[in-house]
Each structure stands twice: as structure tokens, then as C-alpha cells.
>>> print(open('structure21.txt').read())   # compact mmCIF, C-alpha atoms
# COMPACT_ATOMS: atom_id res chain seq x y z
CA MET A 1 150.10 91.36 123.13
CA ILE A 2 151.75 92.11 119.77
CA LEU A 3 155.26 91.69 121.16
CA ARG A 4 154.41 88.43 122.90
CA THR A 5 152.89 87.03 119.69
CA TYR A 6 155.94 87.74 117.54
CA ALA A 7 158.41 86.76 120.28
CA SER A 8 156.99 83.23 120.28
CA ASN A 9 157.09 80.40 117.76
CA GLN A 10 153.86 81.24 115.90
CA PRO A 11 154.62 81.35 112.14
CA LEU A 12 151.06 82.35 111.27
CA SER A 13 151.74 85.76 112.79
CA LEU A 14 153.87 86.54 109.71
CA ALA A 15 150.75 86.48 107.52
CA PHE A 16 149.75 89.90 108.87
CA LEU A 17 152.94 91.61 107.66
CA PRO A 18 152.24 91.55 103.88
CA VAL A 19 148.71 92.83 104.51
CA LEU A 20 150.02 95.76 106.53
CA THR A 21 152.82 96.59 104.10
CA PHE A 22 150.80 96.50 100.88
CA ALA A 23 147.88 98.35 102.47
CA VAL A 24 150.12 101.24 103.51
CA LEU A 25 152.12 101.39 100.26
CA LEU A 26 149.10 101.13 97.95
CA TYR A 27 147.23 103.77 99.93
CA ALA A 28 150.28 106.04 99.85
CA ALA A 29 150.52 105.48 96.08
CA ALA A 30 146.84 106.35 95.65
CA LYS A 31 147.38 109.59 97.55
CA GLY A 32 150.51 110.41 95.52
CA HIS A 33 152.85 110.22 98.52
CA LEU A 34 154.95 107.25 97.39
CA VAL A 35 157.91 108.68 95.50
CA ALA A 36 161.19 106.88 94.85
CA PHE A 37 164.35 108.76 95.71
CA ASP A 38 166.53 108.80 92.58
CA ALA A 39 170.21 108.98 93.59
CA ASP A 40 171.27 108.16 90.01
CA PHE A 41 172.80 104.85 91.01
CA PRO A 42 173.07 102.24 88.23
CA VAL A 43 169.94 100.48 89.50
CA ASP A 44 168.04 103.78 89.52
CA ARG A 45 168.76 104.20 85.82
CA TYR A 46 167.28 100.81 85.01
CA LEU A 47 164.22 101.30 87.25
CA ILE A 48 163.41 104.84 86.14
CA GLN A 49 160.40 103.59 84.16
CA TRP A 50 158.97 102.03 87.30
CA TYR A 51 159.39 105.25 89.25
CA ASN A 52 156.79 106.92 87.06
CA SER A 53 154.04 104.45 88.07
CA SER A 54 153.08 104.81 91.73
CA PHE A 55 151.11 101.57 91.93
CA LEU A 56 153.82 99.50 90.22
CA LEU A 57 156.35 101.11 92.55
CA ALA A 58 154.21 100.17 95.56
CA VAL A 59 153.93 96.54 94.48
CA VAL A 60 157.65 96.13 93.77
CA ALA A 61 158.65 97.93 96.97
CA GLY A 62 156.23 95.76 98.96
CA LEU A 63 157.68 92.57 97.48
CA LEU A 64 161.22 93.69 98.26
CA ILE A 65 160.28 94.64 101.82
CA MET A 66 158.70 91.22 102.35
CA ALA A 67 161.74 89.47 100.88
CA GLY A 68 164.06 91.43 103.17
CA ALA A 69 161.86 90.80 106.21
CA TYR A 70 161.62 87.05 105.72
CA LEU A 71 165.32 86.71 104.86
CA SER A 72 166.39 88.71 107.91
CA ASN A 73 164.17 86.58 110.13
CA THR A 74 165.49 83.37 108.56
CA VAL A 75 169.11 84.42 109.15
CA PHE A 76 168.24 85.47 112.72
CA ASN A 77 166.69 82.10 113.58
CA ARG A 78 169.01 79.87 111.55
CA HIS A 79 172.12 81.18 113.25
CA GLU A 80 170.55 81.23 116.73
CA PHE A 81 170.76 84.88 117.64
CA PHE A 82 168.02 83.92 120.10
CA ASN A 83 167.62 80.57 121.84
CA VAL A 84 164.20 79.83 120.28
CA PRO A 85 162.66 80.78 116.91
CA VAL A 86 161.07 84.23 116.99
CA PHE A 87 159.60 86.57 114.39
CA VAL A 88 160.37 89.97 115.89
CA PRO A 89 163.14 90.77 113.33
CA ALA A 90 160.65 90.34 110.45
CA LEU A 91 158.20 92.60 112.28
CA MET A 92 160.88 95.24 112.88
CA TYR A 93 162.11 95.14 109.29
CA THR A 94 158.57 95.47 107.94
CA LEU A 95 157.61 98.23 110.36
CA LEU A 96 160.73 100.31 109.79
CA ALA A 97 160.93 99.75 106.02
CA THR A 98 157.26 100.59 105.44
CA THR A 99 157.53 103.75 107.52
CA LEU A 100 160.73 104.87 105.82
CA ALA A 101 159.21 104.15 102.40
CA VAL A 102 156.70 106.97 102.84
CA ILE A 103 159.48 109.29 104.03
CA GLN A 104 162.21 108.45 101.51
CA LEU A 105 161.90 105.31 99.38
CA SER A 106 165.22 103.99 98.06
CA MET A 107 164.75 101.01 95.76
CA PRO A 108 168.52 100.28 95.46
CA VAL A 109 168.71 99.83 99.24
CA LEU A 110 165.77 97.42 99.31
CA ILE A 111 167.28 95.35 96.49
CA ALA A 112 170.78 95.44 98.00
CA ASN A 113 169.48 94.36 101.43
CA VAL A 114 168.28 91.08 99.94
CA PHE A 115 171.82 90.34 98.71
CA VAL A 116 173.35 91.52 102.01
CA MET A 117 171.23 88.99 103.91
CA LEU A 118 172.31 86.22 101.53
CA GLY A 119 175.95 87.23 102.00
CA LEU A 120 175.57 87.46 105.76
CA ASN A 121 173.99 84.00 105.84
CA SER A 122 177.06 82.58 104.08
CA GLN A 123 179.48 84.50 106.29
CA LEU A 124 177.80 83.32 109.50
CA LYS A 125 178.28 79.68 108.44
CA ILE A 126 182.00 80.16 109.08
CA PHE A 127 182.56 78.86 112.58
CA HIS A 128 185.48 76.58 113.45
CA GLN A 129 185.21 74.81 110.10
CA PRO A 130 188.41 73.53 108.48
CA ARG A 131 187.23 74.25 104.89
CA VAL A 132 185.35 77.50 104.46
CA LEU A 133 186.50 78.81 101.08
CA ALA A 134 183.09 78.16 99.49
CA GLU A 135 181.38 80.23 102.20
CA TYR A 136 183.91 83.03 101.75
CA PHE A 137 183.35 83.08 98.01
CA GLU A 138 179.55 83.13 98.41
CA SER A 139 179.62 85.91 100.99
CA GLY A 140 181.98 88.03 98.87
CA PHE A 141 179.89 87.44 95.76
CA TRP A 142 176.59 88.41 97.42
CA TYR A 143 178.16 91.47 99.03
CA GLY A 144 179.51 92.45 95.62
CA LEU A 145 176.03 92.22 94.12
CA ALA A 146 174.75 94.39 96.96
CA ALA A 147 177.45 96.99 96.23
CA VAL A 148 176.56 97.01 92.51
CA CYS A 149 172.94 97.78 93.45
CA PHE A 150 173.78 100.24 96.23
CA PRO A 151 177.39 101.47 95.78
CA PRO A 152 177.91 102.77 99.37
CA TYR A 153 177.83 99.11 100.44
CA ILE A 154 181.27 98.78 98.86
CA GLY A 155 182.67 98.85 102.40
CA LEU A 156 181.12 95.45 103.16
CA ILE A 157 184.27 93.74 101.89
CA ALA A 158 186.07 95.30 104.86
CA ALA A 159 183.47 93.68 107.14
CA VAL A 160 184.43 90.25 105.75
CA TRP A 161 188.09 90.89 106.49
CA ALA A 162 187.39 92.30 109.97
CA GLY A 163 185.16 89.34 110.82
CA THR A 164 187.91 86.95 109.69
CA ILE A 165 190.54 88.75 111.79
CA LEU A 166 188.35 88.57 114.89
CA THR A 167 187.19 84.98 114.58
CA ARG A 168 189.78 82.90 112.69
CA ALA A 169 193.49 82.23 112.46
CA PHE A 170 195.37 83.71 109.52
CA HIS A 171 195.02 81.94 106.16
CA TRP A 172 195.81 84.12 103.17
CA ARG A 173 193.24 82.43 100.92
CA GLU A 174 190.45 83.54 103.27
CA TYR A 175 191.42 87.16 102.60
CA VAL A 176 192.06 86.96 98.86
CA LEU A 177 189.04 84.87 97.82
CA PRO A 178 186.31 87.22 99.20
CA VAL A 179 187.90 90.16 97.36
CA LEU A 180 187.97 88.24 94.09
CA ALA A 181 184.37 87.13 94.58
CA PHE A 182 183.37 90.69 95.49
CA ALA A 183 184.82 91.91 92.19
CA VAL A 184 183.00 89.33 90.05
CA PRO A 185 179.62 91.19 89.88
CA PHE A 186 181.44 94.41 89.00
CA ALA A 187 183.39 92.61 86.27
CA TYR A 188 180.21 91.22 84.72
CA TRP A 189 178.50 94.60 84.95
CA ILE A 190 181.44 96.45 83.33
CA SER A 191 181.63 93.81 80.58
CA TRP A 192 177.93 94.24 79.90
CA LEU A 193 178.37 98.02 79.63
CA TYR A 194 181.36 97.55 77.32
CA PHE A 195 179.52 95.30 74.88
CA ARG A 196 176.56 97.70 74.88
CA ASP A 197 178.92 100.62 74.30
CA THR A 198 177.58 102.46 77.35
CA MET A 199 180.75 102.81 79.41
CA SER A 200 179.68 106.31 80.41
CA SER A 201 177.10 104.65 82.72
CA MET A 202 179.89 103.14 84.81
CA ILE A 203 179.88 106.14 87.17
CA LEU A 204 178.71 104.97 90.61
CA PHE A 205 178.34 108.28 92.44
CA ARG A 206 177.05 111.63 91.23
CA LYS A 207 177.33 114.41 93.80
CA TRP A 208 174.36 116.77 94.19
CA VAL A 209 175.46 120.40 94.39
CA SER A 210 173.00 123.22 95.01
CA PHE A 211 173.21 126.79 96.33
CA ASP A 212 169.70 126.38 97.71
CA ALA A 213 170.31 123.17 99.64
CA GLN A 214 168.15 122.38 102.65
CA SER A 215 168.91 119.93 105.41
CA PHE A 216 167.07 116.65 104.87
CA PHE A 217 166.23 116.24 108.54
CA ALA A 218 165.23 119.89 108.97
CA SER A 219 162.38 119.30 106.53
CA TRP A 220 160.92 116.44 108.57
CA SER A 221 157.50 116.98 110.09
CA ARG A 222 156.85 116.48 113.80
CA PRO A 223 155.56 112.89 113.38
CA GLN A 224 158.59 111.98 111.26
CA ALA A 225 160.98 113.51 113.80
CA PHE A 226 159.19 111.68 116.63
CA PHE A 227 159.56 108.40 114.76
CA GLY A 228 163.26 109.04 114.11
CA PHE A 229 164.04 109.92 117.73
CA THR A 230 162.06 106.95 119.03
CA ALA A 231 163.95 104.54 116.77
CA LEU A 232 167.30 106.12 117.70
CA PHE A 233 166.67 106.02 121.46
CA SER A 234 165.43 102.43 121.17
CA LEU A 235 168.71 101.50 119.46
CA LEU A 236 170.76 103.19 122.19
CA PHE A 237 168.97 101.12 124.83
CA ALA A 238 169.24 97.95 122.72
CA LEU A 239 173.02 98.13 122.17
CA PRO A 240 174.13 97.23 125.74
CA ARG A 241 171.95 94.12 125.73
CA TYR A 242 173.52 93.04 122.43
CA LEU A 243 177.14 93.91 123.20
CA PHE A 244 177.47 92.65 126.76
CA LEU A 245 176.80 88.93 126.55
CA SER A 246 176.17 86.74 129.55
CA GLU A 247 178.95 84.47 130.77
CA ARG A 248 176.87 81.43 129.80
CA SER A 249 176.84 82.40 126.11
CA SER A 250 178.49 79.84 123.85
CA ASN A 251 181.46 80.57 121.60
CA LYS A 252 179.20 80.21 118.59
CA ALA A 253 176.78 82.84 119.92
CA LYS A 254 179.65 85.24 120.55
CA THR A 255 181.11 84.64 117.10
CA VAL A 256 177.77 85.09 115.32
CA ARG A 257 177.00 88.33 117.11
CA THR A 258 180.52 89.64 116.54
CA ILE A 259 180.36 88.99 112.80
CA PHE A 260 176.96 90.67 112.50
CA PHE A 261 178.03 93.67 114.59
CA VAL A 262 181.06 94.18 112.34
CA ALA A 263 178.76 94.00 109.30
CA ALA A 264 176.39 96.47 110.98
CA LEU A 265 179.27 98.91 111.52
CA ALA A 266 180.16 98.58 107.83
CA ILE A 267 176.56 99.37 106.88
CA VAL A 268 176.53 102.42 109.17
CA ALA A 269 179.81 103.49 107.52
CA ALA A 270 178.09 103.05 104.14
CA TYR A 271 175.41 105.49 105.31
CA PHE A 272 178.06 108.18 105.86
CA ILE A 273 179.97 107.20 102.72
CA GLY A 274 176.79 107.77 100.73
CA TYR A 275 176.41 111.25 102.19
CA SER A 276 180.06 112.21 101.64
CA LEU A 277 179.91 111.13 97.99
CA LEU A 278 176.37 112.29 97.18
CA TRP A 279 175.68 115.06 99.69
CA LYS A 280 172.36 113.32 100.32
CA TRP A 281 171.25 111.35 103.36
CA ILE A 282 169.80 107.96 102.40
CA ILE A 283 168.08 107.02 105.63
CA MET A 284 167.02 103.55 104.44
CA ALA A 285 170.67 102.47 104.47
CA LEU A 286 170.33 102.01 108.25
CA LEU A 287 167.41 99.61 107.92
CA LEU A 288 169.25 96.32 108.51
CA PRO A 289 171.24 97.29 111.65
CA PHE A 290 168.16 98.80 113.28
CA SER A 291 165.99 95.80 112.41
CA PHE A 292 168.41 93.22 113.77
CA LEU A 293 169.49 95.03 116.93
CA LEU A 294 165.97 96.13 117.87
CA GLY A 295 164.64 92.69 116.94
CA TYR A 296 167.16 91.07 119.27
CA TRP A 297 166.34 93.43 122.15
CA PHE A 298 162.59 93.14 121.79
CA ALA A 299 162.83 89.34 121.54
CA ASN A 300 164.46 89.52 125.01
CA TYR A 301 161.66 91.70 126.37
CA ARG A 302 161.05 89.32 129.31
CA VAL A 303 164.39 90.29 130.88
CA SER A 304 164.14 94.01 130.15
CA LEU A 305 161.82 96.31 132.03
CA VAL A 306 161.79 99.09 129.42
CA ALA A 307 161.84 97.08 126.18
CA PRO A 308 158.02 96.70 125.90
CA PHE A 309 157.55 100.44 126.45
CA PHE A 310 160.00 101.29 123.69
CA PHE A 311 158.41 98.71 121.39
CA TYR A 312 154.91 100.11 121.68
CA ALA A 313 156.24 103.68 121.51
CA LEU A 314 157.95 102.76 118.22
CA VAL A 315 154.75 101.17 116.87
CA ILE A 316 152.72 104.27 117.79
CA ALA A 317 155.38 106.57 116.30
CA SER A 318 155.39 104.52 113.10
CA PHE A 319 151.61 104.64 112.65
CA TRP A 320 151.52 108.37 113.47
CA CYS A 321 154.32 109.07 110.97
CA VAL A 322 152.72 106.99 108.20
CA PHE A 323 149.22 108.40 108.47
CA ALA A 324 150.35 111.97 109.07
CA THR A 325 152.62 111.83 106.01
CA ILE A 326 150.03 110.20 103.76
CA LEU A 327 147.16 112.47 104.81
CA SER A 328 149.18 115.69 104.68
>>> encode(input="structure21.txt", output="C-alpha cells")
Amino acid sequence: MILRTYASNQPLSLAFLPVLTFAVLLYAAAKGHLVAFDADFPVDRYLIQWYNSSFLLAVVAGLLIMAGAYLSNTVFNRHEFFNVPVFVPALMYTLLATTLAVIQLSMPVLIANVFVMLGLNSQLKIFHQPRVLAEYFESGFWYGLAAVCFPPYIGLIAAVWAGTILTRAFHWREYVLPVLAFAVPFAYWISWLYFRDTMSSMILFRKWVSFDAQSFFASWSRPQAFFGFTALFSLLFALPRYLFLSERSSNKAKTVRTIFFVAALAIVAAYFIGYSLLWKWIIMALLLPFSFLLGYWFANYRVSLVAPFFFYALVIASFWCVFATILS
């Protein structure tokens, strides 16, 4: 019933998502279980005052989750990942982000995801158009803003180049302009630090070193581990449906999915880059690839025998994880 509602063109179904998100986050804040993970990124240093107020943190995190959910759904429908408008990507983003927020809340990731979706929207406009320099500049600029907020996303510029190599003939301006646009937010940020005489804050990564380090995943409870495995197995089943397109798929559909998949690989690489430079797993960095790929698979649930079972298993795992974590 839930899957059928969100896999159809019923915009009113989106009204339930803010209610669910804010209810969970505010309740977690009231119980003292909503804590922001401070990786000492530049954004963390500016938001440190907010981290001390659980209710303010819940409100801001809820707004960012809603912005990411609606933007991801808009990009999904605008660029025709599916043949009719659906709202499963917004549901997946909300469900996964809200669950991960009570496990490990990363505000830089939630802010950066908004800019990633804006950059992806510009990049996906590039399809057999003779003049695309404006789109390349916009995508590079938004990806640069995302990397300023969440530095492991610095690899997104490689996704722009890879997408260009796979989908367009060679034009040197289409490779140079995104890099220049990507550097613009960093240039403004460094200039701002210079005029404030705070150049010491320019460090993007601070590695955590401890002789008493524990594995992040080893500390997960049983409900959290069940949620993680359910999401991972769902993704493994969703990938073949996304990668192996039908012969009737248009060139535009193939191009759009190729560009997003390259961007998803760059985001997954950012997840490992973050660990190698911080020695900390930031699980929320995988939010966008999981939301899009699972959203695409679940939107096609009518042609998949197992998709509904995985969907409801993921919903159950999410609710079990949230309530078990909050009430512990």
C-alpha cells in the first residue's frame, strides 16, 4: 500500500514525510539521542554553536533532510529516470536520512547534498546540446560548494570529466570550465579567511588518531546492523535493474543514468576518501546513491517479484533501528 502510493502520481503523499521526519528527530532530541558528528570540517566549525542545542539541531537537520528529499525527487522526475512522475526517491531519502541521523548525524553531508543535487540537475541538462558551457559552469560551481561543505566530495569534479568523456565528443572548454567553476567557491572561502586573518582554518581534513580506537560498525546494535544489512542487500538487488537497460530505452535515458551512475561512484569514492583522510567512517556520505538507486528499483516494483519484500523489510528495519536507538 505504501509503495503503491508513492510509486504513483499523488503529490499529497509527500505531506507525510515532514511529519515523520520532524517527529522522529524532535523525539530523539528530547531523549538526548540526537548528536551531531563533529569531523572538524569547516562547516562544523561554523555550526558548533548549533550542535549544543538538541532541538535547534533537530529543526535544522529536518529542514535539510526535507530539502534534499524534495530536490532529489525533482531531479529524478525532471530528467525522466522513470517514465511517469513518482515520489519514491523522496521517500527513500527521508527514510534513510532520518534513520542515519539517529545513528550518526553529519550536518556537512546534509548541506552538501543539497548542492550536489543542484549540480547534478545542471549536469543532466547536457544532452546533445550544441552550447552547454553554462550548464558545465553551474554544475562545477555547485559541486565546488558541496566540496567546501563536505571536503571528501572533492572527487565530484572527476565525475564531471568522466560523464563528459562517456557522453560527448572532445571539446577542451568543456573540461577546463568545470574545473574553474569548481575552484570558485574555494577561492571565495580562502579570500574570506585571508581578510579575517584566520588562514589557519583552511585545513580541510584532520585525522583522528587514538590508541584506543574501536571499529565504528562493531559498536552498532543489532537493530542498526539489521538496518545496514537490509539497505546493503537491497542495493545489491537494485543495481542489475539500473545497470542493464532494456533495448527500448532511449539514448537520453541511457545518458541520464550513465551520468548519475558516474556521480554515484564518485560519491562512494568520497566515502572511502573521508575514511582514509580522517580514519572515521561517515556513513551519511552514501545517502544519495542509496536513495536514487533504491528509489529507481522500488518505483519499478511492478516488474520485480522481490522489490516489494525488500521495500517493506527496509521500512521495518528503519523503524526498529530508530525506536531501538532512541529508547535505549
>>> closest_residue(input="structure21.txt", among="A:Trp220, A:Phe227, A:Trp297, A:Phe292", to="A:Arg241", atoms="only C-alpha atoms")
A:Trp297
>>> closest_residue(input="structure21.txt", among="A:Ala7, A:Val59, A:Ile316, A:Leu25", to="A:Val84", atoms="only C-alpha atoms")
A:Ala7
>>> residues_around(input="structure21.txt", residues="A:Ala61", least_positions_apart="6", cutoff="10 Å", atoms="all atoms listed in the file", output="PyMOL selection string")
chain A and resi 21-22+25+36+55+67+97-98+101+105-107+110-111
>>> atom_distance(input="structure21.txt", atom1="atom CA of A:Val148", atom2="atom CA of A:Ser291")
22.6 Å
>>> closest_residue(input="structure21.txt", among="A:Phe323, A:Phe150, A:Trp161, A:Phe311", to="A:Met92", atoms="all atoms listed in the file")
A:Phe311
>>> atom_distance(input="structure21.txt", atom1="atom CA of A:Leu71", atom2="atom CA of A:Ala15")
14.8 Å
>>> closest_residue(input="structure21.txt", among="A:Ala238, A:Leu47, A:Ala266, A:Ile103", to="A:Phe298", atoms="only C-alpha atoms")
A:Ala238
>>> closest_residue(input="structure21.txt", among="A:Val322, A:Ala146, A:Ile65, A:Ala270", to="A:Met117", atoms="all atoms listed in the file")
A:Ala146
>>> atom_distance(input="structure21.txt", atom1="atom CA of A:Arg4", atom2="atom CA of A:Ser234")
17.9 Å
>>> residues_around(input="structure21.txt", residues="A:Ala231", least_positions_apart="5", cutoff="10 Å", atoms="all atoms listed in the file", output="list in words")
Leu96, Ala225, Phe226, Leu236, Phe290, Ser291, Leu294, Phe310, Phe311, Ala313, Leu314, Val315, Ala317 and Ser318 of chain A
